[in-house]
Amino acid sequence: MLIGLAGGYAAGKNAAASMLEARGWTCVDADALGREAMASREVRDAIARRFGSRVVAPDGGLDRRELARIVFSDQKALADQEAIVHPAAIRLMDERIAAAEAAARAAGSEPRICVNAALLHRAGIAGALDAVIEVRAPLLLRVARGARRDGAGWMAALRRITRQKGFRRALRAALRAASRPREATRILVIRNRRSLAELERALDAALAEIARDREQA
């Protein structure tokens, strides 16, 4: 089984991923793969050519803080960075999914893999997903969580949320475009409002619903 885990900034997506891992799922973290891709020489050199020596740290790696400062204030720069990083990250994602599937089958069990990606519609796997779980939380709560977690202030957190505006519509469009003939891939929404216990109950309910759908298919 391959599911997607989506959610906006500070909605609680990573908390849900940790809960899935505790239940025996293999979670492939798109953000971590992006960082891994950026650490590769090929991607690092391409970014340096595009943005110049100002994004190169003294140790020869990327100055991520400077790069973030540039791309998050310039949509064209952000698009250029993503065009460099995303193909490498997607290759890594495909490799991780294949490895997890092979390991599960070698152990005689069904693969249970979750792709944890805020921009799931851009991961290139929409057609392979059995279902998507989307984590949602109230806007003010997300702003407060983001500001507290990242230490960047309320306005910075709000700007990050605003940059993700429209991702739900884009996700639905990607799933419709890649849907199997029988039906479009379902999106199950779970809420993260009060406590991790509430989120955990909602996640378990979503997993049970996905399992029922598979039995009835």
# chains A, B, ... in the order shown; residues from 1 in each chain; ligands from 1
$ residues_around --residues "Ile3 of chain A" --least-positions-apart "2" --cutoff "7 Å" --atoms "only C-alpha atoms" --output "count of residues only"
9
$ select_by_dssp --residues "segment 71-158 of chain A" --states "strand (DSSP E or B)" --output "PDB file with C-alpha atoms, in the first residue's frame"
ATOM      1  CA  ILE A 113       4.720   3.136   2.577  1.00  0.00           C
ATOM      2  CA  CYS A 114       3.818   6.763   3.147  1.00  0.00           C
ATOM      3  CA  VAL A 115       5.207   9.667   1.122  1.00  0.00           C
ATOM      4  CA  ASN A 116       5.295  12.687   3.421  1.00  0.00           C
ATOM      5  CA  ALA A 131      -5.105   7.229  -0.832  1.00  0.00           C
ATOM      6  CA  VAL A 132      -4.014  10.589   0.548  1.00  0.00           C
ATOM      7  CA  ILE A 133      -4.297  11.743   4.143  1.00  0.00           C
ATOM      8  CA  GLU A 134      -4.339  15.518   4.505  1.00  0.00           C
ATOM      9  CA  VAL A 135      -3.674  17.082   7.909  1.00  0.00           C
ATOM     10  CA  ARG A 136      -5.439  20.374   8.581  1.00  0.00           C
TER      11      ARG A 136
END
$ closest_atom_pairs --of "segment 42-155 of chain A" --to "segment 168-180 of chain A" --cutoff "7 Å" --atoms "only C-alpha atoms" --output "tab-separated table"
residue	atom	partner	partner_atom	distance
A:Leu120	CA	A:Leu171	CA	6.7
A:His121	CA	A:Leu171	CA	4.7
A:Ala126	CA	A:Leu175	CA	5.5
A:Gly127	CA	A:Ala178	CA	4.5
$ write_last_selection --atoms "C-alpha atoms" --output "PDB file, in the first residue's frame"
ATOM      1  CA  LEU A 120       2.566  16.100  -2.824  1.00  0.00           C
ATOM      2  CA  HIS A 121       1.085  17.057  -6.196  1.00  0.00           C
ATOM      3  CA  ALA A 126      -0.125  10.739  -7.831  1.00  0.00           C
ATOM      4  CA  GLY A 127      -1.159   7.849 -10.065  1.00  0.00           C
TER       5      GLY A 127
END
$ closest_residue --among "A:Val28, A:Ala57, A:Ala206, A:Val189" --to "Ala98 of chain A" --atoms "only C-alpha atoms"
A:Val28
$ atom_distance --atom1 "atom CA of Asp150 of chain A" --atom2 "atom CA of Ile47 of chain A"
24.5 Å
$ residues_around --residues "Arg69 of chain A" --least-positions-apart "3" --cutoff "12 Å" --atoms "only C-alpha atoms" --output "list in words"
Phe51, Arg54, Val55, Asp63, Arg64, Arg65, Glu66, Phe72, Ser73, Asp74, Gln75, Ala77, Leu78 and Ala156 of chain A
$ residues_around --residues "Ala46 of chain A" --least-positions-apart "2" --cutoff "12 Å" --atoms "only C-alpha atoms" --output "PyMOL selection string"
chain A and resi 37-44+48-53+55-56+62+80-85+88
$ residues_around --residues "Val143 of chain A" --least-positions-apart "2" --cutoff "8 Å" --atoms "only C-alpha atoms" --output "PyMOL selection string"
chain A and resi 10+139-141+145-147+154+157-158+161
$ write_last_selection --atoms "C-alpha atoms" --output "PDB file, in the first residue's frame"
ATOM      1  CA  ALA A  10       2.742  23.716  10.750  1.00  0.00           C
ATOM      2  CA  LEU A 139      -4.802  29.182  10.589  1.00  0.00           C
ATOM      3  CA  LEU A 140      -4.016  31.004  13.847  1.00  0.00           C
ATOM      4  CA  LEU A 141      -2.898  27.772  15.470  1.00  0.00           C
ATOM      5  CA  ARG A 145       3.030  26.670  16.024  1.00  0.00           C
ATOM      6  CA  GLY A 146       5.254  27.733  13.153  1.00  0.00           C
ATOM      7  CA  ALA A 147       6.539  30.835  14.911  1.00  0.00           C
ATOM      8  CA  TRP A 154       4.458  35.398  13.392  1.00  0.00           C
ATOM      9  CA  ALA A 157       5.156  31.960   9.625  1.00  0.00           C
ATOM     10  CA  LEU A 158       2.191  33.614   7.947  1.00  0.00           C
ATOM     11  CA  ILE A 161       1.536  29.610   4.910  1.00  0.00           C
TER      12      ILE A 161
END
$ atom_distance --atom1 "atom CA of Glu215 of chain A" --atom2 "atom CA of Ala99 of chain A"
25.5 Å
$ residues_around --residues "Trp25 of chain A" --least-positions-apart "3" --cutoff "10 Å" --atoms "only C-alpha atoms" --output "PyMOL selection string"
chain A and resi 1-2+17-22+28+100+111-114
$ atom_distance --atom1 "atom CA of Gly61 of chain A" --atom2 "atom CA of Ala152 of chain A"
23.5 Å
$ select_by_dssp --residues "chain A" --states "helix (DSSP H, G or I)" --output "tab-separated table (two decimals) with N, CA and C atoms, in the first residue's frame"
chain	number	residue	atom	x	y	z
A	13	LYS	N	1.68	17.64	9.92
A	13	LYS	CA	1.96	16.53	9.01
A	13	LYS	C	3.09	15.64	9.54
A	14	ASN	N	4.14	16.23	10.05
A	14	ASN	CA	5.27	15.43	10.52
A	14	ASN	C	4.92	14.65	11.79
A	15	ALA	N	4.04	15.21	12.61
A	15	ALA	CA	3.57	14.47	13.79
A	15	ALA	C	2.80	13.24	13.34
A	16	ALA	N	1.97	13.39	12.32
A	16	ALA	CA	1.23	12.24	11.78
A	16	ALA	C	2.17	11.22	11.18
A	17	ALA	N	3.24	11.67	10.52
A	17	ALA	CA	4.22	10.74	9.96
A	17	ALA	C	4.89	9.93	11.05
A	18	SER	N	5.23	10.55	12.17
A	18	SER	CA	5.84	9.83	13.29
A	18	SER	C	4.89	8.77	13.83
A	19	MET	N	3.60	9.09	13.86
A	19	MET	CA	2.61	8.11	14.33
A	19	MET	C	2.51	6.93	13.36
A	20	LEU	N	2.58	7.21	12.07
A	20	LEU	CA	2.57	6.13	11.09
A	20	LEU	C	3.79	5.22	11.27
A	21	GLU	N	4.94	5.81	11.47
A	21	GLU	CA	6.16	5.01	11.67
A	21	GLU	C	6.03	4.14	12.91
A	22	ALA	N	5.40	4.65	13.95
A	22	ALA	CA	5.20	3.86	15.16
A	22	ALA	C	4.26	2.68	14.91
A	30	ALA	N	9.82	13.87	1.92
A	30	ALA	CA	10.24	14.64	0.74
A	30	ALA	C	11.18	15.78	1.12
A	31	ASP	N	10.94	16.43	2.27
A	31	ASP	CA	11.83	17.52	2.68
A	31	ASP	C	13.25	17.00	2.93
A	32	ALA	N	13.33	15.84	3.59
A	32	ALA	CA	14.66	15.27	3.86
A	32	ALA	C	15.35	14.89	2.55
A	33	LEU	N	14.59	14.38	1.60
A	33	LEU	CA	15.18	14.03	0.31
A	33	LEU	C	15.65	15.28	-0.43
A	34	GLY	N	14.90	16.37	-0.27
A	34	GLY	CA	15.34	17.63	-0.88
A	34	GLY	C	16.67	18.08	-0.31
A	35	ARG	N	16.81	17.95	1.01
A	35	ARG	CA	18.09	18.32	1.64
A	35	ARG	C	19.21	17.39	1.18
A	36	GLU	N	18.88	16.11	1.05
A	36	GLU	CA	19.89	15.15	0.58
A	36	GLU	C	20.30	15.48	-0.85
A	37	ALA	N	19.32	15.81	-1.68
A	37	ALA	CA	19.63	16.16	-3.06
A	37	ALA	C	20.53	17.39	-3.13
A	38	MET	N	20.24	18.38	-2.28
A	38	MET	CA	21.04	19.61	-2.29
A	38	MET	C	22.46	19.38	-1.80
A	39	ALA	N	22.67	18.30	-1.05
A	39	ALA	CA	24.02	17.99	-0.58
A	39	ALA	C	24.86	17.29	-1.64
A	41	ARG	N	26.89	16.72	-5.08
A	41	ARG	CA	27.77	17.65	-5.81
A	41	ARG	C	27.08	18.20	-7.05
A	42	GLU	N	26.36	17.35	-7.75
A	42	GLU	CA	25.70	17.79	-8.99
A	42	GLU	C	24.75	18.94	-8.73
A	43	VAL	N	23.89	18.78	-7.72
A	43	VAL	CA	22.90	19.81	-7.41
A	43	VAL	C	23.57	21.04	-6.82
A	44	ARG	N	24.53	20.82	-5.92
A	44	ARG	CA	25.24	21.94	-5.29
A	44	ARG	C	25.91	22.81	-6.33
A	45	ASP	N	26.56	22.19	-7.30
A	45	ASP	CA	27.26	22.96	-8.33
A	45	ASP	C	26.27	23.71	-9.22
A	46	ALA	N	25.13	23.09	-9.52
A	46	ALA	CA	24.13	23.75	-10.36
A	46	ALA	C	23.54	24.96	-9.65
A	47	ILE	N	23.31	24.85	-8.35
A	47	ILE	CA	22.80	25.99	-7.58
A	47	ILE	C	23.84	27.10	-7.51
A	48	ALA	N	25.08	26.73	-7.32
A	48	ALA	CA	26.15	27.74	-7.27
A	48	ALA	C	26.27	28.48	-8.59
A	49	ARG	N	26.12	27.74	-9.71
A	49	ARG	CA	26.18	28.41	-11.02
A	49	ARG	C	25.02	29.37	-11.19
A	50	ARG	N	23.85	29.00	-10.69
A	50	ARG	CA	22.67	29.86	-10.87
A	50	ARG	C	22.72	31.08	-9.95
A	51	PHE	N	23.14	30.90	-8.69
A	51	PHE	CA	23.01	31.99	-7.72
A	51	PHE	C	24.34	32.63	-7.34
A	53	SER	N	28.54	32.85	-5.99
A	53	SER	CA	29.37	32.47	-4.83
A	53	SER	C	28.74	32.86	-3.50
A	54	ARG	N	27.77	33.76	-3.52
A	54	ARG	CA	27.15	34.20	-2.25
A	54	ARG	C	26.40	33.07	-1.55
A	55	VAL	N	26.02	32.01	-2.28
A	55	VAL	CA	25.31	30.91	-1.65
A	55	VAL	C	26.25	29.75	-1.31
A	64	ARG	N	22.63	27.55	3.25
A	64	ARG	CA	21.19	27.39	3.10
A	64	ARG	C	20.42	28.62	3.58
A	65	ARG	N	20.93	29.28	4.59
A	65	ARG	CA	20.25	30.48	5.09
A	65	ARG	C	20.26	31.58	4.02
A	66	GLU	N	21.39	31.77	3.37
A	66	GLU	CA	21.47	32.79	2.32
A	66	GLU	C	20.62	32.40	1.12
A	67	LEU	N	20.65	31.12	0.76
A	67	LEU	CA	19.83	30.67	-0.35
A	67	LEU	C	18.35	30.87	-0.05
A	68	ALA	N	17.94	30.53	1.16
A	68	ALA	CA	16.53	30.71	1.55
A	68	ALA	C	16.15	32.19	1.50
A	69	ARG	N	17.06	33.06	1.96
A	69	ARG	CA	16.77	34.49	1.93
A	69	ARG	C	16.51	34.96	0.50
A	70	ILE	N	17.26	34.42	-0.45
A	70	ILE	CA	17.11	34.83	-1.85
A	70	ILE	C	15.81	34.29	-2.44
A	71	VAL	N	15.59	33.00	-2.31
A	71	VAL	CA	14.48	32.38	-3.05
A	71	VAL	C	13.13	32.70	-2.44
A	75	GLN	N	10.05	34.92	-6.53
A	75	GLN	CA	9.37	33.74	-7.07
A	75	GLN	C	10.15	33.10	-8.22
A	76	LYS	N	10.78	33.92	-9.05
A	76	LYS	CA	11.56	33.37	-10.16
A	76	LYS	C	12.77	32.60	-9.63
A	77	ALA	N	13.43	33.14	-8.61
A	77	ALA	CA	14.57	32.45	-8.03
A	77	ALA	C	14.12	31.13	-7.39
A	78	LEU	N	12.97	31.15	-6.71
A	78	LEU	CA	12.46	29.92	-6.10
A	78	LEU	C	12.16	28.87	-7.16
A	79	ALA	N	11.55	29.29	-8.26
A	79	ALA	CA	11.25	28.35	-9.34
A	79	ALA	C	12.53	27.77	-9.93
A	80	ASP	N	13.56	28.60	-10.06
A	80	ASP	CA	14.84	28.12	-10.60
A	80	ASP	C	15.47	27.09	-9.65
A	81	GLN	N	15.42	27.37	-8.35
A	81	GLN	CA	15.98	26.42	-7.39
A	81	GLN	C	15.22	25.10	-7.46
A	82	GLU	N	13.90	25.17	-7.49
A	82	GLU	CA	13.09	23.95	-7.52
A	82	GLU	C	13.35	23.14	-8.79
A	83	ALA	N	13.56	23.83	-9.90
A	83	ALA	CA	13.84	23.12	-11.15
A	83	ALA	C	15.14	22.34	-11.08
A	84	ILE	N	16.06	22.80	-10.25
A	84	ILE	CA	17.34	22.09	-10.06
A	84	ILE	C	17.18	20.94	-9.06
A	85	VAL	N	16.50	21.21	-7.96
A	85	VAL	CA	16.48	20.25	-6.85
A	85	VAL	C	15.44	19.15	-7.04
A	86	HIS	N	14.25	19.50	-7.53
A	86	HIS	CA	13.15	18.53	-7.57
A	86	HIS	C	13.44	17.26	-8.36
A	87	PRO	N	14.02	17.34	-9.57
A	87	PRO	CA	14.28	16.09	-10.29
A	87	PRO	C	15.19	15.14	-9.51
A	88	ALA	N	16.21	15.68	-8.85
A	88	ALA	CA	17.11	14.83	-8.06
A	88	ALA	C	16.38	14.25	-6.86
A	89	ALA	N	15.54	15.05	-6.22
A	89	ALA	CA	14.79	14.57	-5.05
A	89	ALA	C	13.79	13.49	-5.45
A	90	ILE	N	13.15	13.64	-6.60
A	90	ILE	CA	12.19	12.64	-7.06
A	90	ILE	C	12.89	11.33	-7.39
A	91	ARG	N	14.09	11.39	-7.96
A	91	ARG	CA	14.85	10.16	-8.20
A	91	ARG	C	15.14	9.44	-6.89
A	92	LEU	N	15.53	10.20	-5.87
A	92	LEU	CA	15.79	9.60	-4.57
A	92	LEU	C	14.51	9.00	-3.99
A	93	MET	N	13.38	9.69	-4.17
A	93	MET	CA	12.10	9.17	-3.67
A	93	MET	C	11.75	7.85	-4.32
A	94	ASP	N	11.90	7.77	-5.63
A	94	ASP	CA	11.63	6.52	-6.34
A	94	ASP	C	12.50	5.39	-5.81
A	95	GLU	N	13.77	5.69	-5.54
A	95	GLU	CA	14.69	4.68	-5.02
A	95	GLU	C	14.26	4.22	-3.63
A	96	ARG	N	13.85	5.15	-2.76
A	96	ARG	CA	13.44	4.79	-1.40
A	96	ARG	C	12.17	3.94	-1.41
A	97	ILE	N	11.22	4.30	-2.27
A	97	ILE	CA	9.97	3.54	-2.35
A	97	ILE	C	10.27	2.12	-2.83
A	98	ALA	N	11.08	2.01	-3.88
A	98	ALA	CA	11.42	0.68	-4.42
A	98	ALA	C	12.13	-0.16	-3.37
A	99	ALA	N	13.03	0.45	-2.61
A	99	ALA	CA	13.77	-0.28	-1.58
A	99	ALA	C	12.84	-0.74	-0.46
A	100	ALA	N	11.90	0.10	-0.07
A	100	ALA	CA	10.96	-0.26	0.99
A	100	ALA	C	10.03	-1.39	0.53
A	101	GLU	N	9.60	-1.32	-0.72
A	101	GLU	CA	8.76	-2.39	-1.26
A	101	GLU	C	9.52	-3.71	-1.29
A	102	ALA	N	10.75	-3.69	-1.74
A	102	ALA	CA	11.55	-4.91	-1.82
A	102	ALA	C	11.81	-5.49	-0.43
A	103	ALA	N	12.09	-4.63	0.56
A	103	ALA	CA	12.36	-5.11	1.91
A	103	ALA	C	11.13	-5.75	2.52
A	104	ALA	N	9.96	-5.14	2.30
A	104	ALA	CA	8.73	-5.71	2.86
A	104	ALA	C	8.42	-7.05	2.23
A	105	ARG	N	8.57	-7.15	0.92
A	105	ARG	CA	8.25	-8.42	0.25
A	105	ARG	C	9.25	-9.51	0.64
A	106	ALA	N	10.50	-9.12	0.84
A	106	ALA	CA	11.50	-10.10	1.27
A	106	ALA	C	11.17	-10.63	2.66
A	120	LEU	N	2.71	17.47	-2.35
A	120	LEU	CA	2.57	16.10	-2.82
A	120	LEU	C	2.21	16.04	-4.31
A	121	HIS	N	1.51	17.05	-4.79
A	121	HIS	CA	1.08	17.06	-6.20
A	121	HIS	C	2.27	17.18	-7.15
A	122	ARG	N	3.43	17.57	-6.61
A	122	ARG	CA	4.61	17.74	-7.46
A	122	ARG	C	5.60	16.59	-7.32
A	126	ALA	N	1.32	10.67	-8.09
A	126	ALA	CA	-0.13	10.74	-7.83
A	126	ALA	C	-0.85	9.50	-8.33
A	127	GLY	N	-0.47	8.99	-9.49
A	127	GLY	CA	-1.16	7.85	-10.06
A	127	GLY	C	-0.93	6.55	-9.32
A	128	ALA	N	0.10	6.49	-8.49
A	128	ALA	CA	0.42	5.25	-7.76
A	128	ALA	C	-0.18	5.21	-6.36
A	139	LEU	N	-5.86	28.27	11.02
A	139	LEU	CA	-4.80	29.18	10.59
A	139	LEU	C	-4.02	29.78	11.76
A	140	LEU	N	-4.72	30.34	12.75
A	140	LEU	CA	-4.02	31.00	13.85
A	140	LEU	C	-3.17	30.01	14.63
A	141	LEU	N	-3.66	28.80	14.77
A	141	LEU	CA	-2.90	27.77	15.47
A	141	LEU	C	-1.64	27.42	14.68
A	142	ARG	N	-1.75	27.34	13.37
A	142	ARG	CA	-0.60	27.05	12.54
A	142	ARG	C	0.44	28.17	12.63
A	143	VAL	N	-0.02	29.40	12.59
A	143	VAL	CA	0.91	30.53	12.71
A	143	VAL	C	1.66	30.47	14.03
A	144	ALA	N	0.92	30.22	15.12
A	144	ALA	CA	1.54	30.16	16.44
A	144	ALA	C	2.53	28.99	16.52
A	145	ARG	N	2.14	27.84	16.00
A	145	ARG	CA	3.03	26.67	16.02
A	145	ARG	C	4.29	26.93	15.22
A	146	GLY	N	4.11	27.48	14.01
A	146	GLY	CA	5.25	27.73	13.15
A	146	GLY	C	6.22	28.73	13.75
A	147	ALA	N	5.68	29.81	14.31
A	147	ALA	CA	6.54	30.83	14.91
A	147	ALA	C	7.30	30.26	16.10
A	148	ARG	N	6.63	29.46	16.90
A	148	ARG	CA	7.27	28.87	18.08
A	148	ARG	C	8.31	27.82	17.67
A	149	ARG	N	7.96	26.99	16.70
A	149	ARG	CA	8.86	25.91	16.30
A	149	ARG	C	10.12	26.42	15.60
A	150	ASP	N	9.93	27.38	14.67
A	150	ASP	CA	11.05	27.83	13.85
A	150	ASP	C	11.71	29.10	14.36
A	154	TRP	N	5.80	35.65	13.92
A	154	TRP	CA	4.46	35.40	13.39
A	154	TRP	C	4.33	35.76	11.92
A	155	MET	N	4.91	36.88	11.51
A	155	MET	CA	4.77	37.31	10.11
A	155	MET	C	5.50	36.35	9.18
A	156	ALA	N	6.66	35.86	9.58
A	156	ALA	CA	7.40	34.91	8.75
A	156	ALA	C	6.60	33.62	8.60
A	157	ALA	N	5.98	33.17	9.69
A	157	ALA	CA	5.16	31.96	9.63
A	157	ALA	C	3.96	32.18	8.70
A	158	LEU	N	3.35	33.33	8.80
A	158	LEU	CA	2.19	33.61	7.95
A	158	LEU	C	2.59	33.68	6.48
A	159	ARG	N	3.77	34.23	6.18
A	159	ARG	CA	4.23	34.28	4.80
A	159	ARG	C	4.44	32.87	4.24
A	160	ARG	N	4.97	31.97	5.06
A	160	ARG	CA	5.18	30.60	4.60
A	160	ARG	C	3.84	29.92	4.30
A	161	ILE	N	2.86	30.17	5.14
A	161	ILE	CA	1.54	29.61	4.91
A	161	ILE	C	0.93	30.18	3.63
A	162	THR	N	1.09	31.46	3.43
A	162	THR	CA	0.53	32.12	2.25
A	162	THR	C	1.16	31.59	0.97
A	163	ARG	N	2.46	31.28	1.00
A	163	ARG	CA	3.13	30.76	-0.19
A	163	ARG	C	2.57	29.40	-0.61
A	167	PHE	N	-2.47	24.78	-2.59
A	167	PHE	CA	-1.90	23.44	-2.75
A	167	PHE	C	-3.00	22.37	-2.75
A	168	ARG	N	-4.10	22.61	-2.01
A	168	ARG	CA	-5.18	21.60	-2.00
A	168	ARG	C	-5.80	21.48	-3.39
A	169	ARG	N	-6.04	22.61	-4.02
A	169	ARG	CA	-6.61	22.58	-5.37
A	169	ARG	C	-5.66	21.90	-6.34
A	170	ALA	N	-4.37	22.19	-6.21
A	170	ALA	CA	-3.38	21.57	-7.09
A	170	ALA	C	-3.29	20.06	-6.84
A	171	LEU	N	-3.38	19.66	-5.58
A	171	LEU	CA	-3.33	18.23	-5.25
A	171	LEU	C	-4.52	17.50	-5.86
A	172	ARG	N	-5.70	18.06	-5.71
A	172	ARG	CA	-6.88	17.41	-6.28
A	172	ARG	C	-6.80	17.32	-7.79
A	173	ALA	N	-6.28	18.35	-8.42
A	173	ALA	CA	-6.14	18.33	-9.88
A	173	ALA	C	-5.15	17.25	-10.31
A	174	ALA	N	-4.05	17.11	-9.57
A	174	ALA	CA	-3.05	16.09	-9.91
A	174	ALA	C	-3.62	14.69	-9.74
A	175	LEU	N	-4.40	14.48	-8.69
A	175	LEU	CA	-5.00	13.16	-8.46
A	175	LEU	C	-6.04	12.84	-9.51
A	176	ARG	N	-6.83	13.83	-9.90
A	176	ARG	CA	-7.83	13.59	-10.96
A	176	ARG	C	-7.15	13.25	-12.28
A	177	ALA	N	-6.09	13.97	-12.59
A	177	ALA	CA	-5.39	13.75	-13.86
A	177	ALA	C	-4.74	12.39	-13.91
A	196	LEU	N	-2.25	15.89	20.46
A	196	LEU	CA	-1.73	14.80	19.67
A	196	LEU	C	-2.62	13.57	19.80
A	197	ALA	N	-3.27	13.40	20.94
A	197	ALA	CA	-4.18	12.27	21.12
A	197	ALA	C	-5.35	12.37	20.13
A	198	GLU	N	-5.87	13.58	19.94
A	198	GLU	CA	-6.95	13.77	18.97
A	198	GLU	C	-6.47	13.47	17.56
A	199	LEU	N	-5.26	13.93	17.23
A	199	LEU	CA	-4.70	13.67	15.91
A	199	LEU	C	-4.51	12.17	15.71
A	200	GLU	N	-4.05	11.49	16.73
A	200	GLU	CA	-3.81	10.04	16.64
A	200	GLU	C	-5.11	9.29	16.38
A	201	ARG	N	-6.17	9.68	17.08
A	201	ARG	CA	-7.47	9.02	16.86
A	201	ARG	C	-7.96	9.26	15.43
A	202	ALA	N	-7.79	10.48	14.94
A	202	ALA	CA	-8.22	10.80	13.58
A	202	ALA	C	-7.41	10.02	12.55
A	203	LEU	N	-6.11	9.87	12.81
A	203	LEU	CA	-5.26	9.11	11.89
A	203	LEU	C	-5.68	7.65	11.86
A	204	ASP	N	-5.93	7.06	13.01
A	204	ASP	CA	-6.35	5.66	13.05
A	204	ASP	C	-7.67	5.46	12.33
A	205	ALA	N	-8.58	6.41	12.47
A	205	ALA	CA	-9.86	6.31	11.77
A	205	ALA	C	-9.66	6.37	10.26
A	206	ALA	N	-8.75	7.24	9.81
A	206	ALA	CA	-8.47	7.34	8.37
A	206	ALA	C	-7.85	6.06	7.85
A	207	LEU	N	-6.91	5.48	8.59
A	207	LEU	CA	-6.28	4.23	8.16
A	207	LEU	C	-7.30	3.09	8.09
A	208	ALA	N	-8.22	3.06	9.05
A	208	ALA	CA	-9.25	2.03	9.02
A	208	ALA	C	-10.15	2.20	7.80
A	209	GLU	N	-10.44	3.45	7.44
A	209	GLU	CA	-11.27	3.70	6.26
A	209	GLU	C	-10.55	3.29	4.98
A	210	ILE	N	-9.27	3.57	4.91
A	210	ILE	CA	-8.49	3.16	3.74
A	210	ILE	C	-8.49	1.63	3.62
A	211	ALA	N	-8.32	0.95	4.75
A	211	ALA	CA	-8.32	-0.51	4.74
A	211	ALA	C	-9.66	-1.05	4.27
A	212	ARG	N	-10.76	-0.45	4.71
A	212	ARG	CA	-12.09	-0.88	4.27
A	212	ARG	C	-12.26	-0.68	2.77
A	213	ASP	N	-11.79	0.44	2.28
A	213	ASP	CA	-11.89	0.71	0.83
A	213	ASP	C	-11.15	-0.37	0.04
A	214	ARG	N	-9.98	-0.76	0.53
A	214	ARG	CA	-9.19	-1.77	-0.18
A	214	ARG	C	-9.89	-3.13	-0.17
A	215	GLU	N	-10.53	-3.45	0.94
A	215	GLU	CA	-11.23	-4.72	1.03
A	215	GLU	C	-12.43	-4.77	0.08
A	216	GLN	N	-13.06	-3.62	-0.12
A	216	GLN	CA	-14.25	-3.57	-0.95
A	216	GLN	C	-13.94	-3.39	-2.43
